[in-house]
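Raw contents of coords.txt, compact mmCIF, N, CA, C and O atoms:
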```
# COMPACT_ATOMS: atom_id res chain seq x y z
N MET Q 1 0.83 -1.17 0.00
CA MET Q 1 0.00 0.00 0.00
C MET Q 1 0.89 1.25 0.00
O MET Q 1 1.84 1.34 0.75
N LYS Q 2 0.57 2.19 -0.87
CA LYS Q 2 1.36 3.40 -0.97
C LYS Q 2 1.07 4.35 0.18
O LYS Q 2 -0.06 4.50 0.61
N LYS Q 3 2.13 5.00 0.66
CA LYS Q 3 1.98 5.99 1.71
C LYS Q 3 1.42 7.27 1.09
O LYS Q 3 1.95 7.78 0.11
N LYS Q 4 0.34 7.78 1.65
CA LYS Q 4 -0.26 8.99 1.13
C LYS Q 4 0.45 10.20 1.72
O LYS Q 4 0.62 10.32 2.93
N THR Q 5 0.89 11.10 0.86
CA THR Q 5 1.60 12.29 1.29
C THR Q 5 0.66 13.49 1.20
O THR Q 5 0.01 13.69 0.18
N THR Q 6 0.59 14.25 2.26
CA THR Q 6 -0.21 15.46 2.25
C THR Q 6 0.67 16.61 1.79
O THR Q 6 1.70 16.90 2.39
N LEU Q 7 0.26 17.26 0.72
CA LEU Q 7 1.02 18.38 0.20
C LEU Q 7 0.62 19.65 0.93
O LEU Q 7 -0.55 19.85 1.23
N GLN Q 8 1.59 20.48 1.20
CA GLN Q 8 1.32 21.75 1.84
C GLN Q 8 1.26 22.82 0.76
O GLN Q 8 2.06 22.84 -0.16
N TYR Q 9 0.30 23.69 0.86
CA TYR Q 9 0.21 24.80 -0.08
C TYR Q 9 0.89 26.00 0.55
O TYR Q 9 0.77 26.26 1.73
N PHE Q 10 1.62 26.72 -0.25
CA PHE Q 10 2.37 27.86 0.25
C PHE Q 10 2.29 28.97 -0.78
O PHE Q 10 1.89 28.76 -1.91
N LYS Q 11 2.67 30.13 -0.36
CA LYS Q 11 2.64 31.28 -1.24
C LYS Q 11 3.90 32.10 -1.02
O LYS Q 11 4.23 32.43 0.11
N LEU Q 12 4.62 32.36 -2.10
CA LEU Q 12 5.78 33.24 -2.01
C LEU Q 12 5.29 34.68 -2.17
O LEU Q 12 4.37 34.94 -2.95
N SER Q 13 5.92 35.60 -1.48
CA SER Q 13 5.50 36.99 -1.59
C SER Q 13 5.80 37.52 -3.00
O SER Q 13 6.76 37.10 -3.65
N HIS Q 14 4.98 38.43 -3.45
CA HIS Q 14 5.19 39.04 -4.76
C HIS Q 14 6.52 39.76 -4.81
O HIS Q 14 7.20 39.76 -5.84
N GLU Q 15 6.88 40.37 -3.70
CA GLU Q 15 8.15 41.09 -3.65
C GLU Q 15 9.33 40.15 -3.89
O GLU Q 15 10.28 40.50 -4.56
N PHE Q 16 9.23 38.95 -3.31
CA PHE Q 16 10.32 37.98 -3.50
C PHE Q 16 10.37 37.50 -4.94
O PHE Q 16 11.44 37.43 -5.55
N ILE Q 17 9.22 37.18 -5.52
CA ILE Q 17 9.17 36.70 -6.92
C ILE Q 17 9.69 37.76 -7.89
O ILE Q 17 10.34 37.45 -8.87
N LYS Q 18 9.40 39.01 -7.61
CA LYS Q 18 9.83 40.10 -8.49
C LYS Q 18 11.25 40.57 -8.22
O LYS Q 18 11.80 41.36 -8.98
N SER Q 19 11.84 40.09 -7.13
CA SER Q 19 13.17 40.57 -6.74
C SER Q 19 14.26 40.06 -7.68
O SER Q 19 14.14 39.03 -8.34
N ASP Q 20 15.35 40.80 -7.71
CA ASP Q 20 16.51 40.40 -8.50
C ASP Q 20 17.11 39.10 -7.95
O ASP Q 20 17.66 38.31 -8.72
N LEU Q 21 16.99 38.90 -6.65
CA LEU Q 21 17.51 37.68 -6.04
C LEU Q 21 16.83 36.45 -6.62
O LEU Q 21 17.49 35.51 -7.05
N TYR Q 22 15.51 36.44 -6.66
CA TYR Q 22 14.78 35.30 -7.21
C TYR Q 22 15.05 35.15 -8.70
O TYR Q 22 15.27 34.05 -9.19
N LYS Q 23 15.05 36.25 -9.41
CA LYS Q 23 15.28 36.21 -10.86
C LYS Q 23 16.68 35.70 -11.19
O LYS Q 23 16.90 35.12 -12.25
N SER Q 24 17.63 35.91 -10.27
CA SER Q 24 19.00 35.48 -10.52
C SER Q 24 19.22 33.99 -10.26
O SER Q 24 20.26 33.46 -10.61
N LEU Q 25 18.24 33.33 -9.63
CA LEU Q 25 18.39 31.89 -9.36
C LEU Q 25 18.31 31.09 -10.65
O LEU Q 25 17.54 31.42 -11.55
N SER Q 26 19.07 30.03 -10.72
CA SER Q 26 19.00 29.13 -11.86
C SER Q 26 17.67 28.38 -11.82
O SER Q 26 17.01 28.31 -10.77
N TYR Q 27 17.30 27.80 -12.93
CA TYR Q 27 16.05 27.06 -13.02
C TYR Q 27 16.03 25.91 -12.02
O TYR Q 27 15.04 25.69 -11.31
N SER Q 28 17.14 25.18 -11.92
CA SER Q 28 17.18 24.04 -11.00
C SER Q 28 17.11 24.50 -9.54
O SER Q 28 16.48 23.84 -8.71
N ALA Q 29 17.71 25.64 -9.21
CA ALA Q 29 17.62 26.17 -7.84
C ALA Q 29 16.17 26.54 -7.51
O ALA Q 29 15.69 26.29 -6.39
N LYS Q 30 15.46 27.12 -8.46
CA LYS Q 30 14.05 27.45 -8.24
C LYS Q 30 13.22 26.18 -8.03
O LYS Q 30 12.36 26.14 -7.15
N LEU Q 31 13.48 25.15 -8.83
CA LEU Q 31 12.76 23.88 -8.66
C LEU Q 31 12.98 23.28 -7.27
O LEU Q 31 12.04 22.85 -6.61
N ILE Q 32 14.24 23.27 -6.84
CA ILE Q 32 14.56 22.69 -5.53
C ILE Q 32 13.98 23.54 -4.41
O ILE Q 32 13.46 23.00 -3.43
N LEU Q 33 14.01 24.86 -4.55
CA LEU Q 33 13.41 25.74 -3.55
C LEU Q 33 11.91 25.46 -3.41
O LEU Q 33 11.40 25.30 -2.31
N ILE Q 34 11.22 25.36 -4.53
CA ILE Q 34 9.78 25.10 -4.50
C ILE Q 34 9.50 23.72 -3.92
O ILE Q 34 8.59 23.55 -3.11
N GLN Q 35 10.30 22.73 -4.28
CA GLN Q 35 10.15 21.38 -3.72
C GLN Q 35 10.33 21.42 -2.21
O GLN Q 35 9.56 20.83 -1.47
N SER Q 36 11.35 22.12 -1.74
CA SER Q 36 11.61 22.18 -0.29
C SER Q 36 10.49 22.90 0.44
O SER Q 36 10.11 22.51 1.54
N MET Q 37 9.96 23.93 -0.16
CA MET Q 37 8.88 24.67 0.51
C MET Q 37 7.59 23.87 0.53
O MET Q 37 6.83 23.92 1.49
N GLN Q 38 7.34 23.10 -0.51
CA GLN Q 38 6.11 22.32 -0.56
C GLN Q 38 6.08 21.26 0.53
O GLN Q 38 5.04 21.00 1.11
N PHE Q 39 7.21 20.66 0.83
CA PHE Q 39 7.22 19.56 1.79
C PHE Q 39 7.79 19.93 3.16
O PHE Q 39 7.52 19.25 4.13
N TYR Q 40 8.61 20.98 3.25
CA TYR Q 40 9.33 21.23 4.49
C TYR Q 40 9.16 22.62 5.08
O TYR Q 40 9.67 22.89 6.15
N TYR Q 41 8.47 23.51 4.40
CA TYR Q 41 8.33 24.87 4.92
C TYR Q 41 7.19 24.93 5.92
O TYR Q 41 6.12 24.38 5.70
N ASP Q 42 7.42 25.59 7.05
CA ASP Q 42 6.36 25.78 8.02
C ASP Q 42 6.59 27.10 8.75
O ASP Q 42 7.47 27.87 8.38
N ASP Q 43 5.80 27.37 9.74
CA ASP Q 43 5.85 28.66 10.43
C ASP Q 43 6.86 28.72 11.57
O ASP Q 43 6.89 29.69 12.30
N PHE Q 44 7.66 27.69 11.74
CA PHE Q 44 8.64 27.67 12.82
C PHE Q 44 10.01 28.04 12.26
O PHE Q 44 10.63 27.23 11.58
N PRO Q 45 10.47 29.26 12.55
CA PRO Q 45 11.77 29.67 12.02
C PRO Q 45 12.88 28.72 12.45
O PRO Q 45 12.86 28.17 13.55
N ASN Q 46 13.81 28.54 11.55
CA ASN Q 46 15.01 27.73 11.79
C ASN Q 46 14.74 26.26 12.06
O ASN Q 46 15.58 25.57 12.61
N LYS Q 47 13.56 25.76 11.71
CA LYS Q 47 13.30 24.33 11.85
C LYS Q 47 14.09 23.61 10.76
O LYS Q 47 13.89 23.85 9.57
N PRO Q 48 15.00 22.73 11.14
CA PRO Q 48 15.83 22.06 10.14
C PRO Q 48 15.06 21.03 9.33
O PRO Q 48 14.09 20.43 9.81
N PHE Q 49 15.47 20.88 8.09
CA PHE Q 49 14.91 19.84 7.24
C PHE Q 49 16.06 19.22 6.45
O PHE Q 49 17.11 19.81 6.29
N SER Q 50 15.81 18.04 5.97
CA SER Q 50 16.79 17.33 5.17
C SER Q 50 16.14 16.98 3.84
O SER Q 50 15.03 16.47 3.80
N LEU Q 51 16.82 17.28 2.77
CA LEU Q 51 16.31 16.98 1.43
C LEU Q 51 17.39 16.20 0.68
O LEU Q 51 18.26 16.78 0.04
N PRO Q 52 17.36 14.87 0.81
CA PRO Q 52 18.42 14.05 0.22
C PRO Q 52 18.47 14.16 -1.31
O PRO Q 52 17.45 14.36 -1.97
N TYR Q 53 19.67 14.02 -1.86
CA TYR Q 53 19.86 14.05 -3.30
C TYR Q 53 18.96 13.02 -3.98
O TYR Q 53 18.41 13.28 -5.05
N SER Q 54 18.83 11.85 -3.38
CA SER Q 54 18.03 10.78 -4.01
C SER Q 54 16.57 11.21 -4.17
O SER Q 54 15.95 10.90 -5.18
N THR Q 55 16.05 11.96 -3.21
CA THR Q 55 14.67 12.45 -3.31
C THR Q 55 14.55 13.48 -4.42
O THR Q 55 13.61 13.43 -5.22
N ILE Q 56 15.49 14.41 -4.47
CA ILE Q 56 15.47 15.44 -5.51
C ILE Q 56 15.60 14.80 -6.89
O ILE Q 56 14.87 15.13 -7.82
N LYS Q 57 16.53 13.85 -7.00
CA LYS Q 57 16.76 13.17 -8.27
C LYS Q 57 15.51 12.43 -8.74
O LYS Q 57 15.12 12.50 -9.91
N LYS Q 58 14.86 11.76 -7.80
CA LYS Q 58 13.66 10.99 -8.13
C LYS Q 58 12.48 11.89 -8.51
O LYS Q 58 11.79 11.64 -9.49
N GLU Q 59 12.28 12.95 -7.75
CA GLU Q 59 11.12 13.83 -7.96
C GLU Q 59 11.32 14.82 -9.11
O GLU Q 59 10.39 15.10 -9.85
N LEU Q 60 12.51 15.38 -9.22
CA LEU Q 60 12.75 16.47 -10.17
C LEU Q 60 13.59 16.06 -11.37
O LEU Q 60 13.78 16.86 -12.28
N HIS Q 61 14.12 14.83 -11.36
CA HIS Q 61 14.90 14.29 -12.48
C HIS Q 61 16.11 15.17 -12.80
O HIS Q 61 16.35 15.51 -13.96
N LEU Q 62 16.84 15.54 -11.76
CA LEU Q 62 18.06 16.31 -11.92
C LEU Q 62 19.26 15.44 -11.57
O LEU Q 62 19.16 14.54 -10.76
N GLY Q 63 20.40 15.74 -12.18
CA GLY Q 63 21.62 14.99 -11.90
C GLY Q 63 22.30 15.48 -10.63
O GLY Q 63 22.02 16.57 -10.14
N ARG Q 64 23.23 14.68 -10.12
CA ARG Q 64 23.92 15.01 -8.86
C ARG Q 64 24.69 16.34 -8.95
O ARG Q 64 24.67 17.13 -8.01
N THR Q 65 25.36 16.58 -10.05
CA THR Q 65 26.13 17.81 -10.20
C THR Q 65 25.21 19.02 -10.22
O THR Q 65 25.49 20.03 -9.57
N THR Q 66 24.11 18.92 -10.93
CA THR Q 66 23.13 20.00 -11.00
C THR Q 66 22.52 20.27 -9.63
O THR Q 66 22.37 21.42 -9.22
N ILE Q 67 22.22 19.21 -8.90
CA ILE Q 67 21.65 19.34 -7.55
C ILE Q 67 22.65 20.03 -6.63
O ILE Q 67 22.30 20.96 -5.90
N ALA Q 68 23.91 19.60 -6.69
CA ALA Q 68 24.94 20.19 -5.83
C ALA Q 68 25.11 21.68 -6.12
O ALA Q 68 25.20 22.50 -5.19
N LYS Q 69 25.14 22.06 -7.39
CA LYS Q 69 25.28 23.47 -7.76
C LYS Q 69 24.07 24.29 -7.31
O LYS Q 69 24.22 25.40 -6.81
N ALA Q 70 22.88 23.74 -7.47
CA ALA Q 70 21.66 24.45 -7.09
C ALA Q 70 21.58 24.65 -5.57
O ALA Q 70 21.23 25.74 -5.10
N ILE Q 71 21.93 23.63 -4.82
CA ILE Q 71 21.90 23.75 -3.36
C ILE Q 71 22.96 24.76 -2.89
O ILE Q 71 22.68 25.60 -2.03
N LYS Q 72 24.13 24.70 -3.49
CA LYS Q 72 25.18 25.66 -3.15
C LYS Q 72 24.72 27.09 -3.45
O LYS Q 72 24.97 28.02 -2.69
N GLU Q 73 24.01 27.25 -4.55
CA GLU Q 73 23.47 28.56 -4.93
C GLU Q 73 22.45 29.06 -3.90
O GLU Q 73 22.48 30.22 -3.50
N LEU Q 74 21.56 28.18 -3.46
CA LEU Q 74 20.56 28.56 -2.45
C LEU Q 74 21.22 28.95 -1.13
O LEU Q 74 20.76 29.89 -0.46
N ILE Q 75 22.29 28.28 -0.78
CA ILE Q 75 23.00 28.60 0.46
C ILE Q 75 23.78 29.91 0.30
O ILE Q 75 23.73 30.78 1.17
N ASN Q 76 24.48 30.07 -0.82
CA ASN Q 76 25.28 31.28 -1.05
C ASN Q 76 24.42 32.54 -1.11
O ASN Q 76 24.86 33.61 -0.71
N LYS Q 77 23.21 32.40 -1.62
CA LYS Q 77 22.30 33.55 -1.72
C LYS Q 77 21.46 33.72 -0.47
O LYS Q 77 20.55 34.53 -0.42
N LYS Q 78 21.77 32.91 0.54
CA LYS Q 78 21.15 32.99 1.87
C LYS Q 78 19.64 32.75 1.87
O LYS Q 78 18.92 33.26 2.71
N ILE Q 79 19.17 31.94 0.93
CA ILE Q 79 17.77 31.53 0.91
C ILE Q 79 17.61 30.33 1.83
O ILE Q 79 16.61 30.19 2.52
N TRP Q 80 18.61 29.47 1.84
CA TRP Q 80 18.70 28.35 2.79
C TRP Q 80 19.87 28.63 3.72
O TRP Q 80 20.87 29.21 3.32
N ASN Q 81 19.72 28.18 4.96
CA ASN Q 81 20.82 28.20 5.92
C ASN Q 81 21.31 26.77 6.09
O ASN Q 81 20.49 25.88 6.29
N LEU Q 82 22.62 26.57 6.01
CA LEU Q 82 23.18 25.24 6.23
C LEU Q 82 23.31 25.02 7.73
O LEU Q 82 24.00 25.75 8.42
N ILE Q 83 22.61 24.02 8.25
CA ILE Q 83 22.63 23.71 9.68
C ILE Q 83 23.76 22.73 9.97
O ILE Q 83 24.55 22.94 10.88
N SER Q 84 23.83 21.64 9.20
CA SER Q 84 24.91 20.67 9.39
C SER Q 84 25.27 20.04 8.05
O SER Q 84 24.41 19.82 7.21
N GLU Q 85 26.55 19.77 7.89
CA GLU Q 85 27.07 19.13 6.68
C GLU Q 85 26.58 17.69 6.60
O GLU Q 85 26.36 17.05 7.62
N GLY Q 86 26.43 17.20 5.40
CA GLY Q 86 26.07 15.81 5.21
C GLY Q 86 27.29 14.92 5.26
O GLY Q 86 28.43 15.38 5.17
N SER Q 87 27.05 13.65 5.40
CA SER Q 87 28.13 12.65 5.38
C SER Q 87 27.62 11.44 4.59
O SER Q 87 26.52 11.47 4.05
N LYS Q 88 28.40 10.40 4.57
CA LYS Q 88 28.02 9.21 3.80
C LYS Q 88 26.68 8.62 4.27
O LYS Q 88 25.88 8.17 3.47
N ASN Q 89 26.45 8.63 5.57
CA ASN Q 89 25.24 8.01 6.12
C ASN Q 89 24.22 9.01 6.64
O ASN Q 89 23.25 8.63 7.28
N HIS Q 90 24.45 10.29 6.42
CA HIS Q 90 23.56 11.31 6.97
C HIS Q 90 23.43 12.46 5.97
O HIS Q 90 24.43 12.99 5.51
N SER Q 91 22.20 12.85 5.65
CA SER Q 91 21.98 13.97 4.74
C SER Q 91 22.23 15.29 5.45
O SER Q 91 22.05 15.40 6.66
N ALA Q 92 22.62 16.28 4.69
CA ALA Q 92 22.81 17.62 5.25
C ALA Q 92 21.47 18.16 5.74
O ALA Q 92 20.41 17.77 5.24
N GLU Q 93 21.54 19.07 6.71
CA GLU Q 93 20.32 19.70 7.22
C GLU Q 93 20.37 21.19 6.91
O GLU Q 93 21.41 21.83 7.02
N TYR Q 94 19.22 21.72 6.52
CA TYR Q 94 19.08 23.11 6.14
C TYR Q 94 17.89 23.70 6.88
O TYR Q 94 17.07 23.00 7.45
N SER Q 95 17.78 25.03 6.83
CA SER Q 95 16.57 25.70 7.25
C SER Q 95 16.29 26.81 6.24
O SER Q 95 17.21 27.30 5.58
N HIS Q 96 15.03 27.17 6.11
CA HIS Q 96 14.66 28.25 5.19
C HIS Q 96 14.92 29.59 5.86
O HIS Q 96 14.76 29.73 7.06
N ASN Q 97 15.28 30.57 5.07
CA ASN Q 97 15.44 31.93 5.56
C ASN Q 97 14.06 32.58 5.57
O ASN Q 97 13.61 33.12 4.57
N HIS Q 98 13.38 32.51 6.70
CA HIS Q 98 12.01 33.03 6.79
C HIS Q 98 11.94 34.53 6.53
O HIS Q 98 10.93 35.01 6.05
N TYR Q 99 12.98 35.23 6.83
CA TYR Q 99 12.99 36.68 6.61
C TYR Q 99 12.81 37.00 5.13
O TYR Q 99 12.07 37.89 4.76
N LEU Q 100 13.47 36.23 4.27
CA LEU Q 100 13.35 36.46 2.83
C LEU Q 100 12.06 35.90 2.24
O LEU Q 100 11.49 36.47 1.32
N LEU Q 101 11.61 34.78 2.77
CA LEU Q 101 10.51 34.06 2.14
C LEU Q 101 9.14 34.38 2.72
O LEU Q 101 8.15 33.89 2.22
N SER Q 102 9.08 35.19 3.73
CA SER Q 102 7.82 35.44 4.43
C SER Q 102 6.76 36.02 3.51
O SER Q 102 7.00 36.93 2.73
N VAL Q 103 5.56 35.49 3.63
CA VAL Q 103 4.41 35.97 2.86
C VAL Q 103 3.95 37.31 3.41
O VAL Q 103 3.39 38.13 2.69
N PHE Q 104 4.22 37.56 4.67
CA PHE Q 104 3.67 38.72 5.34
C PHE Q 104 4.54 39.96 5.25
O PHE Q 104 4.15 41.01 5.72
N ARG Q 105 5.70 39.86 4.63
CA ARG Q 105 6.55 41.03 4.48
C ARG Q 105 5.89 42.01 3.54
O ARG Q 105 5.35 41.65 2.50
N THR Q 106 5.95 43.29 3.85
CA THR Q 106 5.36 44.31 2.96
C THR Q 106 6.40 44.95 2.07
O THR Q 106 6.07 45.55 1.07
N SER Q 107 7.64 44.86 2.46
CA SER Q 107 8.70 45.40 1.59
C SER Q 107 9.85 44.41 1.58
O SER Q 107 10.14 43.77 2.58
N PHE Q 108 10.48 44.29 0.47
CA PHE Q 108 11.54 43.31 0.30
C PHE Q 108 12.89 43.98 0.23
O PHE Q 108 13.18 44.69 -0.71
N MET Q 109 13.69 43.77 1.25
CA MET Q 109 15.08 44.22 1.31
C MET Q 109 15.28 45.65 0.82
O MET Q 109 15.98 45.90 -0.13
N LYS Q 110 14.65 46.59 1.48
CA LYS Q 110 14.82 48.01 1.09
C LYS Q 110 16.18 48.52 1.47
O LYS Q 110 16.77 48.15 2.40
```

Entire entry expressed as structure tokens:
Amino acid sequence: MKKKTTLQYFKLSHEFIKSDLYKSLSYSAKLILIQSMQFYYDDFPNKPFSLPYSTIKKELHLGRTTIAKAIKELINKKIWNLISEGSKNHSAEYSHNHYLLSVFRTSFMK
């Protein structure tokens, strides 16, 4: 029997979508960001999540090199915070930058 997954609906602020920061993201970084928000974004700041390469590869059909570059891009642009490095038996942990992604912000990085 298949495990039923409940999808979370989310909304990015218009300011963020129109920002140069979002526009500067690569296509694969945008895909991974949306994937992470759909399954791991919530209202608790700094709540860590893990998004293994195997999950991204399976869901988004991206290669390992592309995934690595996209994740590095999200971290460098401070959209994700790196909580802990991954290892052979443990996936890296990240948290979303709620300050940038908040739906309730009225102005974006003035």

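Between atom O of Q:Glu93 and atom C of Q:Lys47 there is a distance of 8.4 Å.
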
Query raised in the report: Within 6 Å of stretch 84-92 of chain Q, counting all atoms listed in the file, which residues qualify if same-chain residues fewer than 5 places away don't, as a PyMOL selection string?
Result: chain Q and resi 49-52

Query raised in the report: To one decimal place, how far is atom C of Q:Ser95 from atom C of Q:Trp80 in Å?
Result: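 That distance, rounded to one decimal, is 4.7 Å.
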
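As for atom N of Q:Phe16 and atom O of Q:Ile56, they are spaced 24.9 Å apart.
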
Requested in this report: Counting only C-alpha atoms, figure out which residue out of Q:Ala68, Q:Ser36, Q:Lys77, Q:His61 gets nearest to Q:Ser24.
Outcome: Q:Lys77

Query - Selected residue, from Q:Lys30, Q:His98, Q:Ser13, Q:Ser19, that lies nearest to Q:Glu73 when counting only C-alpha atoms - result: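 Distance minimum relative to Q:Glu73 lands on Q:Lys30.
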
Query raised in the report: Could you pull out the strand (DSSP E) residues of stretch 18-106 of chain Q from DSSP and send them as a ChimeraX atom specification?
Result: /Q:80-84,93-96

Requested in this report: Please provide the set of residues having any atom within 8 Å of Q:Ile79, restricted to only N, CA, C and O atoms, with same-chain residues fewer than 5 positions apart removed, written as a PyMOL selection string.
Outcome: chain Q and resi 71-74+94-101

Write a file of the just-selected residues containing N, CA, C and O atoms, as an mmCIF file, in the frame of the given file.
```
data_model
loop_
_atom_site.group_PDB
_atom_site.id
_atom_site.type_symbol
_atom_site.label_atom_id
_atom_site.label_comp_id
_atom_site.auth_asym_id
_atom_site.auth_seq_id
_atom_site.Cartn_x
_atom_site.Cartn_y
_atom_site.Cartn_z
ATOM 1 N N ILE Q 71 21.930 23.630 -4.820
ATOM 2 C CA ILE Q 71 21.900 23.750 -3.360
ATOM 3 C C ILE Q 71 22.960 24.760 -2.890
ATOM 4 O O ILE Q 71 22.680 25.600 -2.030
ATOM 5 N N LYS Q 72 24.130 24.700 -3.490
ATOM 6 C CA LYS Q 72 25.180 25.660 -3.150
ATOM 7 C C LYS Q 72 24.720 27.090 -3.450
ATOM 8 O O LYS Q 72 24.970 28.020 -2.690
ATOM 9 N N GLU Q 73 24.010 27.250 -4.550
ATOM 10 C CA GLU Q 73 23.470 28.560 -4.930
ATOM 11 C C GLU Q 73 22.450 29.060 -3.900
ATOM 12 O O GLU Q 73 22.480 30.220 -3.500
ATOM 13 N N LEU Q 74 21.560 28.180 -3.460
ATOM 14 C CA LEU Q 74 20.560 28.560 -2.450
ATOM 15 C C LEU Q 74 21.220 28.950 -1.130
ATOM 16 O O LEU Q 74 20.760 29.890 -0.460
ATOM 17 N N TYR Q 94 19.220 21.720 6.520
ATOM 18 C CA TYR Q 94 19.080 23.110 6.140
ATOM 19 C C TYR Q 94 17.890 23.700 6.880
ATOM 20 O O TYR Q 94 17.070 23.000 7.450
ATOM 21 N N SER Q 95 17.780 25.030 6.830
ATOM 22 C CA SER Q 95 16.570 25.700 7.250
ATOM 23 C C SER Q 95 16.290 26.810 6.240
ATOM 24 O O SER Q 95 17.210 27.300 5.580
ATOM 25 N N HIS Q 96 15.030 27.170 6.110
ATOM 26 C CA HIS Q 96 14.660 28.250 5.190
ATOM 27 C C HIS Q 96 14.920 29.590 5.860
ATOM 28 O O HIS Q 96 14.760 29.730 7.060
ATOM 29 N N ASN Q 97 15.280 30.570 5.070
ATOM 30 C CA ASN Q 97 15.440 31.930 5.560
ATOM 31 C C ASN Q 97 14.060 32.580 5.570
ATOM 32 O O ASN Q 97 13.610 33.120 4.570
ATOM 33 N N HIS Q 98 13.380 32.510 6.700
ATOM 34 C CA HIS Q 98 12.010 33.030 6.790
ATOM 35 C C HIS Q 98 11.940 34.530 6.530
ATOM 36 O O HIS Q 98 10.930 35.010 6.050
ATOM 37 N N TYR Q 99 12.980 35.230 6.830
ATOM 38 C CA TYR Q 99 12.990 36.680 6.610
ATOM 39 C C TYR Q 99 12.810 37.000 5.130
ATOM 40 O O TYR Q 99 12.070 37.890 4.760
ATOM 41 N N LEU Q 100 13.470 36.230 4.270
ATOM 42 C CA LEU Q 100 13.350 36.460 2.830
ATOM 43 C C LEU Q 100 12.060 35.900 2.240
ATOM 44 O O LEU Q 100 11.490 36.470 1.320
ATOM 45 N N LEU Q 101 11.610 34.780 2.770
ATOM 46 C CA LEU Q 101 10.510 34.060 2.140
ATOM 47 C C LEU Q 101 9.140 34.380 2.720
ATOM 48 O O LEU Q 101 8.150 33.890 2.220
#
```

**Report entry** Residue nearest Q:Leu60 - candidates Q:Tyr40, Q:Lys18, Q:Lys23, Q:Ile32, atoms counted: only N, CA, C and O atoms
**Finding:**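 Once distances to Q:Leu60 are computed over only N, CA, C and O atoms, the minimum belongs to Q:Ile32.
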